[in-house]
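Text of coords-v7.cif, listed as mmCIF, C-alpha atoms:
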```cif
data_structure
loop_
_atom_site.label_atom_id
_atom_site.label_comp_id
_atom_site.auth_asym_id
_atom_site.auth_seq_id
_atom_site.Cartn_x
_atom_site.Cartn_y
_atom_site.Cartn_z
CA MET Y 29 -186.99 108.55 117.83
CA ASN Y 30 -185.31 105.38 119.07
CA THR Y 31 -186.81 102.22 120.57
CA THR Y 32 -186.04 103.25 124.16
CA GLU Y 33 -187.89 106.54 123.80
CA ILE Y 34 -190.90 104.77 122.26
CA ALA Y 35 -190.90 102.25 125.12
CA ILE Y 36 -191.07 105.15 127.60
CA LEU Y 37 -193.58 107.28 125.70
CA PHE Y 38 -196.09 104.56 124.82
CA PRO Y 39 -197.30 103.72 128.37
CA ALA Y 40 -197.46 107.47 129.02
CA PHE Y 41 -199.68 107.88 125.96
CA VAL Y 42 -201.87 104.98 127.12
CA ALA Y 43 -202.21 106.69 130.50
CA GLY Y 44 -203.33 109.84 128.72
CA VAL Y 45 -205.92 107.92 126.70
CA ILE Y 46 -207.27 106.33 129.88
CA VAL Y 47 -207.58 109.73 131.53
CA LEU Y 48 -209.31 111.15 128.45
CA SER Y 49 -211.75 108.23 128.35
CA THR Y 50 -213.53 109.49 131.46
CA HIS Y 51 -212.62 113.17 131.41
CA VAL Y 52 -214.01 114.02 127.96
CA PRO Y 53 -217.64 113.04 128.77
CA LEU Y 54 -217.42 114.33 132.34
CA GLY Y 55 -215.90 117.59 131.11
CA THR Y 56 -218.85 118.12 128.78
CA GLU Y 57 -221.21 117.72 131.72
CA VAL Y 58 -219.14 120.01 133.95
CA LEU Y 59 -219.24 122.70 131.27
CA ARG Y 60 -222.99 122.27 130.88
CA ARG Y 61 -223.55 122.65 134.63
CA GLY Y 62 -221.29 125.68 134.89
CA ILE Y 63 -219.07 124.24 137.65
CA ILE Y 64 -215.86 124.46 135.67
CA PHE Y 65 -213.40 124.50 138.56
CA ILE Y 66 -214.82 121.50 140.39
CA ASP Y 67 -212.25 119.17 138.83
CA ILE Y 68 -209.20 121.17 139.84
CA ALA Y 69 -210.67 121.63 143.34
CA ILE Y 70 -211.30 117.90 143.84
CA ALA Y 71 -207.93 117.09 142.26
CA GLN Y 72 -206.23 119.45 144.69
CA VAL Y 73 -208.05 117.87 147.63
CA ALA Y 74 -207.10 114.38 146.42
CA GLY Y 75 -203.50 115.56 146.21
CA LEU Y 76 -203.82 116.90 149.73
CA GLY Y 77 -204.88 113.41 150.81
CA VAL Y 78 -201.71 111.99 149.26
CA ILE Y 79 -199.58 114.62 151.02
CA ALA Y 80 -201.29 113.90 154.33
CA ALA Y 81 -200.69 110.15 153.98
CA ASP Y 82 -197.06 110.82 153.15
CA ARG Y 83 -196.75 113.09 156.19
CA LEU Y 84 -198.21 110.34 158.40
CA GLY Y 85 -195.58 107.87 157.20
CA PHE Y 86 -197.62 105.87 154.66
CA GLU Y 87 -195.53 106.85 151.63
CA GLN Y 88 -194.42 103.24 151.07
CA SER Y 89 -197.98 101.91 150.96
CA ASP Y 90 -199.72 102.52 147.62
CA TRP Y 91 -203.03 101.32 149.05
CA MET Y 92 -202.90 103.78 151.94
CA LEU Y 93 -202.11 106.61 149.53
CA GLN Y 94 -205.09 105.63 147.38
CA VAL Y 95 -207.41 105.32 150.37
CA SER Y 96 -206.30 108.70 151.69
CA ALA Y 97 -206.74 110.40 148.31
CA VAL Y 98 -210.16 108.86 147.64
CA SER Y 99 -211.37 109.61 151.18
CA ALA Y 100 -210.37 113.26 150.87
CA ALA Y 101 -212.00 113.56 147.44
CA LEU Y 102 -215.21 111.89 148.61
CA LEU Y 103 -215.37 114.13 151.68
CA VAL Y 104 -215.16 117.30 149.61
CA SER Y 105 -217.67 115.82 147.15
CA PHE Y 106 -220.21 115.42 149.96
CA ILE Y 107 -219.50 118.97 151.11
CA LEU Y 108 -219.86 120.45 147.61
CA ASN Y 109 -223.07 118.52 147.01
CA TRP Y 110 -224.46 119.97 150.25
CA THR Y 111 -223.40 123.52 149.37
CA ASN Y 112 -224.88 123.12 145.89
CA ARG Y 113 -228.27 122.32 147.40
CA ARG Y 114 -228.04 125.08 150.00
CA TRP Y 115 -226.31 127.90 148.11
CA PRO Y 116 -226.43 127.04 144.37
CA ASP Y 117 -226.01 130.68 143.32
CA VAL Y 118 -222.49 130.86 144.80
CA GLN Y 119 -221.41 127.27 144.15
CA GLU Y 120 -218.60 128.22 141.77
CA ALA Y 121 -217.16 130.64 144.33
CA LEU Y 122 -217.30 127.96 147.04
CA ILE Y 123 -215.51 125.53 144.72
CA GLY Y 124 -212.76 128.13 144.22
CA ILE Y 125 -212.43 128.61 147.97
CA CYS Y 126 -212.18 124.84 148.41
CA PHE Y 127 -209.36 124.73 145.87
CA VAL Y 128 -207.31 127.52 147.39
CA MET Y 129 -207.73 126.15 150.94
CA ALA Y 130 -206.59 122.68 149.83
CA ALA Y 131 -203.62 124.18 147.98
CA ALA Y 132 -202.62 126.24 151.03
CA ALA Y 133 -203.01 123.21 153.32
CA GLY Y 134 -200.73 121.18 151.04
CA ILE Y 135 -198.04 123.85 151.19
CA LEU Y 136 -198.29 123.93 154.98
CA LEU Y 137 -197.96 120.14 155.25
CA LEU Y 138 -194.90 120.21 152.97
CA ALA Y 139 -193.26 123.12 154.78
CA GLY Y 140 -191.04 120.90 156.93
CA ASN Y 141 -190.24 118.43 154.15
CA PRO Y 142 -186.80 118.93 152.54
CA HIS Y 143 -188.24 117.48 149.32
CA GLY Y 144 -191.47 119.46 149.61
CA GLY Y 145 -190.86 121.60 146.54
CA GLU Y 146 -190.18 118.55 144.38
CA ASN Y 147 -193.21 116.72 145.75
CA LEU Y 148 -195.43 119.71 145.07
CA ARG Y 149 -194.16 120.02 141.51
CA GLU Y 150 -194.83 116.32 140.88
CA LEU Y 151 -198.35 116.73 142.23
CA LEU Y 152 -199.05 119.66 139.92
CA VAL Y 153 -197.42 118.59 136.63
CA GLY Y 154 -197.33 114.83 137.29
CA GLN Y 155 -194.81 112.18 136.35
CA ILE Y 156 -196.53 110.72 133.31
CA LEU Y 157 -193.27 109.49 131.77
CA TRP Y 158 -192.72 107.17 134.74
CA VAL Y 159 -196.09 105.42 134.44
CA THR Y 160 -195.77 101.63 134.30
CA TYR Y 161 -198.09 99.00 132.85
CA SER Y 162 -198.71 97.61 136.34
CA GLN Y 163 -200.20 101.00 137.29
CA LEU Y 164 -202.34 101.14 134.17
CA LEU Y 165 -204.23 97.87 134.70
CA PRO Y 166 -206.21 98.85 137.83
CA VAL Y 167 -206.77 102.36 136.44
CA THR Y 168 -208.17 100.85 133.23
CA LEU Y 169 -210.61 98.69 135.20
CA VAL Y 170 -211.78 101.64 137.32
CA SER Y 171 -212.19 103.79 134.20
CA ALA Y 172 -214.29 101.08 132.55
CA VAL Y 173 -216.58 100.96 135.58
CA ILE Y 174 -216.89 104.76 135.65
CA LEU Y 175 -217.73 104.88 131.94
CA GLY Y 176 -220.26 102.08 132.35
CA PHE Y 177 -222.06 103.98 135.10
CA TRP Y 178 -221.89 107.24 133.21
CA PHE Y 179 -223.29 106.06 129.89
CA ARG Y 180 -225.92 103.92 131.60
CA PHE Y 181 -227.19 106.48 134.11
CA ARG Y 182 -225.99 109.88 132.82
CA ASP Y 183 -229.52 111.22 132.28
CA ARG Y 184 -230.41 110.44 135.89
CA MET Y 185 -227.05 111.25 137.46
CA SER Y 186 -227.32 114.51 139.36
CA GLY Y 187 -226.36 115.70 142.80
CA LEU Y 188 -224.37 113.35 145.00
CA PRO Y 189 -223.98 110.42 142.52
CA PHE Y 190 -222.37 112.76 140.01
CA TYR Y 191 -219.99 114.22 142.60
CA VAL Y 192 -218.99 110.75 143.83
CA LEU Y 193 -218.34 109.44 140.31
CA PHE Y 194 -216.38 112.59 139.57
CA ALA Y 195 -214.31 112.18 142.73
CA PHE Y 196 -213.25 108.64 141.80
CA SER Y 197 -212.35 109.69 138.25
CA VAL Y 198 -210.28 112.69 139.31
CA THR Y 199 -208.53 110.86 142.16
CA MET Y 200 -207.49 108.10 139.81
CA SER Y 201 -206.20 110.58 137.23
CA VAL Y 202 -204.33 113.04 139.41
CA GLN Y 203 -201.82 110.43 140.55
CA LEU Y 204 -201.09 109.48 136.94
CA VAL Y 205 -200.81 112.84 135.20
CA GLY Y 206 -200.95 115.58 137.85
CA ILE Y 207 -203.43 118.33 138.68
CA TYR Y 208 -202.73 120.57 135.67
CA LEU Y 209 -203.29 117.81 133.14
CA VAL Y 210 -206.43 116.64 134.94
CA PHE Y 211 -207.93 120.10 134.51
CA ALA Y 212 -206.71 120.45 130.91
CA SER Y 213 -208.03 117.01 129.91
CA LEU Y 214 -211.42 117.77 131.38
CA ILE Y 215 -212.04 121.32 130.15
CA ILE Y 216 -210.05 121.87 126.93
CA PRO Y 217 -211.67 119.11 124.78
CA ALA Y 218 -215.11 120.01 126.16
CA LEU Y 219 -214.63 123.70 125.37
CA ALA Y 220 -213.20 123.04 121.91
CA THR Y 221 -216.22 120.91 120.92
CA LEU Y 222 -218.81 123.15 122.57
CA ARG Y 223 -220.56 124.12 119.32
CA ILE Y 224 -221.08 120.53 118.18
CA GLU Y 225 -224.68 119.55 118.85
CA ARG Y 226 -224.63 115.80 118.21
CA ARG Y 227 -223.59 114.14 121.46
CA PHE Y 228 -221.59 111.17 120.22
CA PHE Y 229 -219.93 113.12 117.42
CA ARG Y 230 -218.89 115.70 119.99
CA LEU Y 231 -217.42 112.97 122.21
CA GLY Y 232 -215.56 111.49 119.26
CA CYS Y 233 -214.05 114.87 118.37
CA GLY Y 234 -213.09 115.41 122.01
CA TYR Y 235 -211.32 112.06 122.17
CA LEU Y 236 -209.56 112.72 118.87
CA LEU Y 237 -208.18 116.16 119.70
CA GLY Y 238 -207.26 114.98 123.22
CA GLY Y 239 -205.34 112.01 121.83
CA ILE Y 240 -203.51 114.22 119.32
CA GLY Y 241 -202.66 116.70 122.07
CA PHE Y 242 -201.21 114.00 124.32
CA ALA Y 243 -199.24 112.32 121.52
CA LEU Y 244 -197.82 115.59 120.20
CA GLY Y 245 -196.98 116.83 123.70
CA LEU Y 246 -195.13 113.63 124.60
CA VAL Y 247 -193.10 113.71 121.40
CA LEU Y 248 -192.19 117.38 121.80
CA SER Y 249 -191.25 116.94 125.45
CA ALA Y 250 -188.93 114.07 124.49
CA TRP Y 251 -187.33 116.04 121.64
CA PHE Y 252 -186.71 119.19 123.67
CA ASP Y 253 -186.19 117.51 127.06
CA LEU Y 254 -188.99 119.46 128.75
CA PRO Y 255 -191.48 118.46 131.48
CA SER Y 256 -194.10 116.33 129.73
CA GLY Y 257 -197.11 117.46 131.74
CA ALA Y 258 -196.55 121.15 131.05
CA VAL Y 259 -195.87 120.57 127.34
CA ILE Y 260 -199.03 118.45 126.95
CA VAL Y 261 -201.16 121.21 128.50
CA TRP Y 262 -199.90 123.61 125.84
CA THR Y 263 -200.28 121.15 122.96
CA LEU Y 264 -203.84 120.33 124.08
CA ALA Y 265 -204.63 124.04 124.01
CA ALA Y 266 -202.97 124.48 120.59
CA VAL Y 267 -204.81 121.51 119.06
CA ALA Y 268 -208.08 122.81 120.54
CA ILE Y 269 -207.53 126.25 118.96
CA VAL Y 270 -206.84 124.69 115.56
CA PHE Y 271 -209.92 122.49 115.92
CA ARG Y 272 -212.13 125.47 116.80
CA TRP Y 273 -210.78 127.40 113.82
CA ILE Y 274 -211.46 124.51 111.43
CA ASN Y 275 -214.91 123.95 112.92
CA SER Y 276 -215.78 127.66 112.60
CA TRP Y 277 -214.55 127.69 109.00
CA VAL Y 278 -216.69 124.65 108.17
CA LEU Y 279 -219.74 126.20 109.84
CA ARG Y 280 -219.24 129.49 107.99
CA GLY Y 281 -219.00 127.60 104.72
CA ALA Y 282 -222.16 125.65 105.52
CA GLY Y 283 -223.91 128.91 106.46
CA ARG Y 284 -222.94 130.54 103.16
CA ARG Y 285 -224.17 127.55 101.18
CA THR Y 286 -227.45 127.56 103.10
CA GLY Y 287 -227.84 131.28 102.45
CA GLU Y 288 -227.25 130.77 98.72
CA ILE Y 289 -229.90 128.03 98.61
CA VAL Y 290 -232.43 130.19 100.45
CA THR Y 291 -231.71 133.17 98.18
CA ALA Y 292 -232.06 131.03 95.07
CA ASN Y 293 -235.47 129.84 96.22
CA VAL Y 294 -236.83 133.35 96.90
CA PRO Y 295 -238.74 134.62 93.82
CA ALA Y 296 -237.73 137.98 92.41
CA LYS Y 297 -239.95 140.97 93.14
CA GLY Y 298 -242.60 141.38 90.49
CA SER Y 299 -242.02 137.97 88.94
CA ALA Y 300 -244.79 135.68 87.80
CA GLU Y 301 -243.98 133.36 90.68
CA THR Y 302 -244.58 136.26 93.11
CA TRP Y 303 -247.97 137.07 91.58
CA ARG Y 304 -249.04 133.44 91.69
CA ASN Y 305 -248.19 133.31 95.42
#
```

Take the structure from the file and write it as structure tokens.
Amino acid sequence: MNTTEIAILFPAFVAGVIVLSTHVPLGTEVLRRGIIFIDIAIAQVAGLGVIAADRLGFEQSDWMLQVSAVSAALLVSFILNWTNRRWPDVQEALIGICFVMAAAAGILLLAGNPHGGENLRELLVGQILWVTYSQLLPVTLVSAVILGFWFRFRDRMSGLPFYVLFAFSVTMSVQLVGIYLVFASLIIPALATLRIERRFFRLGCGYLLGGIGFALGLVLSAWFDLPSGAVIVWTLAAVAIVFRWINSWVLRGAGRRTGEIVTANVPAKGSAETWRN
């Protein structure tokens, strides 16, 4: 790998690490609450906000694109918080409906755009290789604020505050890496580390396998000249499968050792130890 390729891949990797920094802990919470598809729904709505701003002629204004995306994500967050209080038993279904309606609306808005197909593809798989350091600075600051709020108030963060924090995190990420990678970064590390009980060890493992998945995916996409976002999704899944296999193997070994210790401590039937007890 030459210097030019490294210069392109490194900011992309940094972008992935920034996305993982907020998505790994939030993904664990999403999995715990059983609202798995909320991230892809809010990401799709944020993307719809970007499409709407572009359709209205604000494509040259980054601030207007951001405002439109955040506004759309916050609006759907308020709606989902309301539906969760009113119809909690069908919340996951409502989230799915929200996603498919936003996706359909985006296709309708892009119908008259000669570059609509390309724009839609960029929204889904992202353009992580074209991330610049100037884009990463504000995203890093926002991520730090999100993490500060999360680790300070996570035990009291339910309902609307959680949805709002989630909306900001997803909106920030979807414009860096695309909708597919937002969903993969949120759910795959959380699912792979599901059986780990210690909170901070679980987070550390999630960050580690996420970082390996992003690094490996970027390298493979450069070697084989394939879309980076799609390759990273697959490498994240592959790394997660390997991690789960290793974790299961370790747990089985620990279980066998525990069983041997218990068996060794049980006195034989009819022994003197049995009679004394």

Would you translate the PyMOL selection byres ((chain Y and resi 93-99) around 7) into the concrete set of residues it matches in this file, as an NGL selection string? :Y and (74-75 or 77-78 or 81 or 86-87 or 89-92 or 100-103 or 196 or 199)

Using all atoms listed in the file: which of Y:Phe211, Y:Trp115, Y:Trp277, Y:Trp158 has the shortest distance to Ala258 in chain Y: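 Counting all atoms listed in the file, the residue closest to Ala258 in chain Y is Y:Phe211.
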
Pick the closest to Gly134 in chain Y from Y:Gly85, Y:Pro53, Y:Val261, Y:Ala80: which is it, counting all atoms listed in the file? Y:Ala80

Using only C-alpha atoms, determine which residues lie at most 9 Å from Gly239 in chain Y, disregarding the query and same-chain residues fewer than 4 positions distant; provide the list as a PyMOL selection string. chain Y and resi 41+44-45+48+234-235+243-244+264

Please provide the set of residues having any atom within 7 Å of range 62-70 of chain Y, restricted to all atoms listed in the file, with same-chain residues fewer than 5 positions apart removed, written as number ranges by chain. Y: 101, 104, 120, 123-124, 126-127, 195, 198, 207, 211

Skip Ala130 in chain Y itself and residues of its chain fewer than 6 positions away, then list as a PyMOL selection string all residues within 8 Å of it, counting all atoms listed in the file. chain Y and resi 69+72-73+76

Can you tell me, as a list in words, which residues sit within 12 Å of (-203.2, 115.3, 116.2) in the file's frame, using only C-alpha atoms? Cys233, Gly234, Tyr235, Leu236, Leu237, Gly238, Gly239, Ile240, Gly241, Phe242, Ala243, Leu244, Gly245, Leu246, Val247, Ile260, Thr263, Leu264, Ala265, Ala266, Val267, Ala268, Val270 and Phe271 of chain Y

Using C-alpha atoms, can you export the residues from the last selection as a compact mmCIF listing (two decimals), in the coordinates of the input?
```
# COMPACT_ATOMS: atom_id res chain seq x y z
CA CYS Y 233 -214.05 114.87 118.37
CA GLY Y 234 -213.09 115.41 122.01
CA TYR Y 235 -211.32 112.06 122.17
CA LEU Y 236 -209.56 112.72 118.87
CA LEU Y 237 -208.18 116.16 119.70
CA GLY Y 238 -207.26 114.98 123.22
CA GLY Y 239 -205.34 112.01 121.83
CA ILE Y 240 -203.51 114.22 119.32
CA GLY Y 241 -202.66 116.70 122.07
CA PHE Y 242 -201.21 114.00 124.32
CA ALA Y 243 -199.24 112.32 121.52
CA LEU Y 244 -197.82 115.59 120.20
CA GLY Y 245 -196.98 116.83 123.70
CA LEU Y 246 -195.13 113.63 124.60
CA VAL Y 247 -193.10 113.71 121.40
CA ILE Y 260 -199.03 118.45 126.95
CA THR Y 263 -200.28 121.15 122.96
CA LEU Y 264 -203.84 120.33 124.08
CA ALA Y 265 -204.63 124.04 124.01
CA ALA Y 266 -202.97 124.48 120.59
CA VAL Y 267 -204.81 121.51 119.06
CA ALA Y 268 -208.08 122.81 120.54
CA VAL Y 270 -206.84 124.69 115.56
CA PHE Y 271 -209.92 122.49 115.92
```

So what do you get for CA of Ala121 in chain Y versus CA of Phe106 in chain Y, distance-wise? 16.5 Å

List the neighbours of Arg223 in chain Y out to 12 Å using all atoms listed in the file; skip same-chain residues closer than 4 positions along the sequence, and give me the result as a PyMOL selection string. chain Y and resi 56+60+217-219+227+229-231+233-234+271-273+275-276+278-279

Please write as number ranges by chain the full residue list that the PyMOL selection byres ((chain Y and resi 150) around 12) yields on this file. Y: 75, 78-79, 143-149, 151-158, 202-209, 255-258

Produce a file of the selected residues containing C-alpha atoms, as a PDB file, keeping the file's coordinate frame.
```pdb
ATOM      1  CA  GLY Y  75    -203.500 115.560 146.210  1.00  0.00           C
ATOM      2  CA  VAL Y  78    -201.710 111.990 149.260  1.00  0.00           C
ATOM      3  CA  ILE Y  79    -199.580 114.620 151.020  1.00  0.00           C
ATOM      4  CA  HIS Y 143    -188.240 117.480 149.320  1.00  0.00           C
ATOM      5  CA  GLY Y 144    -191.470 119.460 149.610  1.00  0.00           C
ATOM      6  CA  GLY Y 145    -190.860 121.600 146.540  1.00  0.00           C
ATOM      7  CA  GLU Y 146    -190.180 118.550 144.380  1.00  0.00           C
ATOM      8  CA  ASN Y 147    -193.210 116.720 145.750  1.00  0.00           C
ATOM      9  CA  LEU Y 148    -195.430 119.710 145.070  1.00  0.00           C
ATOM     10  CA  ARG Y 149    -194.160 120.020 141.510  1.00  0.00           C
ATOM     11  CA  LEU Y 151    -198.350 116.730 142.230  1.00  0.00           C
ATOM     12  CA  LEU Y 152    -199.050 119.660 139.920  1.00  0.00           C
ATOM     13  CA  VAL Y 153    -197.420 118.590 136.630  1.00  0.00           C
ATOM     14  CA  GLY Y 154    -197.330 114.830 137.290  1.00  0.00           C
ATOM     15  CA  GLN Y 155    -194.810 112.180 136.350  1.00  0.00           C
ATOM     16  CA  ILE Y 156    -196.530 110.720 133.310  1.00  0.00           C
ATOM     17  CA  LEU Y 157    -193.270 109.490 131.770  1.00  0.00           C
ATOM     18  CA  TRP Y 158    -192.720 107.170 134.740  1.00  0.00           C
ATOM     19  CA  VAL Y 202    -204.330 113.040 139.410  1.00  0.00           C
ATOM     20  CA  GLN Y 203    -201.820 110.430 140.550  1.00  0.00           C
ATOM     21  CA  LEU Y 204    -201.090 109.480 136.940  1.00  0.00           C
ATOM     22  CA  VAL Y 205    -200.810 112.840 135.200  1.00  0.00           C
ATOM     23  CA  GLY Y 206    -200.950 115.580 137.850  1.00  0.00           C
ATOM     24  CA  ILE Y 207    -203.430 118.330 138.680  1.00  0.00           C
ATOM     25  CA  TYR Y 208    -202.730 120.570 135.670  1.00  0.00           C
ATOM     26  CA  LEU Y 209    -203.290 117.810 133.140  1.00  0.00           C
ATOM     27  CA  PRO Y 255    -191.480 118.460 131.480  1.00  0.00           C
ATOM     28  CA  SER Y 256    -194.100 116.330 129.730  1.00  0.00           C
ATOM     29  CA  GLY Y 257    -197.110 117.460 131.740  1.00  0.00           C
ATOM     30  CA  ALA Y 258    -196.550 121.150 131.050  1.00  0.00           C
TER      31      ALA Y 258
END
```

Y:Ile34, Y:Val42, Y:Asp82, Y:Ile107 ranked by distance to Val159 in chain Y, top pick (using only C-alpha atoms):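 That would be Y:Val42, the residue with the smallest distance to Val159 in chain Y.
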
Gap from CA of Ile36 in chain Y to CA of Leu165 in chain Y - Å, one decimal: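 Value for the CA of Ile36 in chain Y-CA of Leu165 in chain Y distance: 16.6 Å.
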
Quick one: distance from CA of Trp262 in chain Y to CA of Val210 in chain Y in Å, one decimal?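 Distance reported for this atom pair: 13.2 Å.
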
What are the centre and the three edge lengths of an axis-aligned box that wraps all atoms of range 164-168 of chain Y in the file, given that 8 Å is added to every side, written as lines of an AutoDock Vina configuration file and rounded to one decimal in Å?
```
center_x = -205.3
center_y = 100.1
center_z = 135.5
size_x = 21.8
size_y = 20.5
size_z = 20.6
```

Can you pull range 204-231 of chain Y out of that block with N, CA and C atoms and hand it back as a compact mmCIF listing (two decimals), in the first residue's frame?
```
# COMPACT_ATOMS: atom_id res chain seq x y z
N LEU Y 204 -21.52 11.02 7.02
CA LEU Y 204 -20.12 10.61 6.90
C LEU Y 204 -20.00 9.24 6.24
N VAL Y 205 -20.82 8.28 6.70
CA VAL Y 205 -20.60 6.89 6.29
C VAL Y 205 -21.80 6.25 5.61
N GLY Y 206 -22.95 6.90 5.57
CA GLY Y 206 -24.11 6.33 4.91
C GLY Y 206 -25.00 5.52 5.84
N ILE Y 207 -26.21 5.26 5.38
CA ILE Y 207 -27.23 4.62 6.21
C ILE Y 207 -26.84 3.18 6.57
N TYR Y 208 -26.31 2.42 5.63
CA TYR Y 208 -25.98 1.02 5.90
C TYR Y 208 -24.92 0.89 6.99
N LEU Y 209 -23.89 1.73 6.91
CA LEU Y 209 -22.83 1.65 7.90
C LEU Y 209 -23.28 2.17 9.26
N VAL Y 210 -24.19 3.13 9.26
CA VAL Y 210 -24.75 3.60 10.54
C VAL Y 210 -25.43 2.44 11.26
N PHE Y 211 -26.26 1.70 10.54
CA PHE Y 211 -26.95 0.56 11.14
C PHE Y 211 -25.96 -0.52 11.57
N ALA Y 212 -24.99 -0.84 10.71
CA ALA Y 212 -24.02 -1.89 11.03
C ALA Y 212 -23.17 -1.50 12.24
N SER Y 213 -22.74 -0.24 12.31
CA SER Y 213 -21.91 0.20 13.43
C SER Y 213 -22.66 0.17 14.74
N LEU Y 214 -23.95 0.38 14.68
CA LEU Y 214 -24.76 0.42 15.89
C LEU Y 214 -25.11 -0.98 16.39
N ILE Y 215 -25.50 -1.88 15.50
CA ILE Y 215 -26.06 -3.16 15.91
C ILE Y 215 -25.03 -4.28 15.96
N ILE Y 216 -24.13 -4.36 14.99
CA ILE Y 216 -23.22 -5.52 14.93
C ILE Y 216 -22.31 -5.61 16.15
N PRO Y 217 -21.58 -4.55 16.56
CA PRO Y 217 -20.77 -4.68 17.78
C PRO Y 217 -21.61 -4.99 19.02
N ALA Y 218 -22.79 -4.37 19.13
CA ALA Y 218 -23.65 -4.62 20.28
C ALA Y 218 -24.11 -6.07 20.33
N LEU Y 219 -24.45 -6.63 19.17
CA LEU Y 219 -24.92 -8.01 19.12
C LEU Y 219 -23.78 -8.99 19.38
N ALA Y 220 -22.60 -8.68 18.86
CA ALA Y 220 -21.45 -9.58 19.03
C ALA Y 220 -21.01 -9.66 20.49
N THR Y 221 -21.19 -8.60 21.25
CA THR Y 221 -20.75 -8.56 22.65
C THR Y 221 -21.91 -8.77 23.62
N LEU Y 222 -23.02 -9.29 23.14
CA LEU Y 222 -24.23 -9.39 23.95
C LEU Y 222 -24.04 -10.22 25.21
N ARG Y 223 -23.22 -11.26 25.15
CA ARG Y 223 -23.09 -12.18 26.28
C ARG Y 223 -22.07 -11.72 27.32
N ILE Y 224 -21.44 -10.58 27.07
CA ILE Y 224 -20.47 -10.05 28.03
C ILE Y 224 -21.22 -9.23 29.08
N GLU Y 225 -21.07 -9.57 30.34
CA GLU Y 225 -21.86 -8.94 31.39
C GLU Y 225 -21.25 -7.63 31.88
N ARG Y 226 -19.94 -7.57 31.99
CA ARG Y 226 -19.30 -6.36 32.51
C ARG Y 226 -19.41 -5.23 31.49
N ARG Y 227 -19.98 -4.12 31.92
CA ARG Y 227 -20.34 -3.04 31.00
C ARG Y 227 -19.14 -2.48 30.25
N PHE Y 228 -18.12 -2.09 30.97
CA PHE Y 228 -17.00 -1.40 30.31
C PHE Y 228 -16.14 -2.38 29.50
N PHE Y 229 -16.06 -3.62 29.95
CA PHE Y 229 -15.36 -4.62 29.14
C PHE Y 229 -16.11 -4.88 27.84
N ARG Y 230 -17.45 -4.89 27.94
CA ARG Y 230 -18.26 -5.07 26.74
C ARG Y 230 -18.06 -3.91 25.77
N LEU Y 231 -18.03 -2.68 26.28
CA LEU Y 231 -17.78 -1.52 25.42
C LEU Y 231 -16.41 -1.61 24.76
```
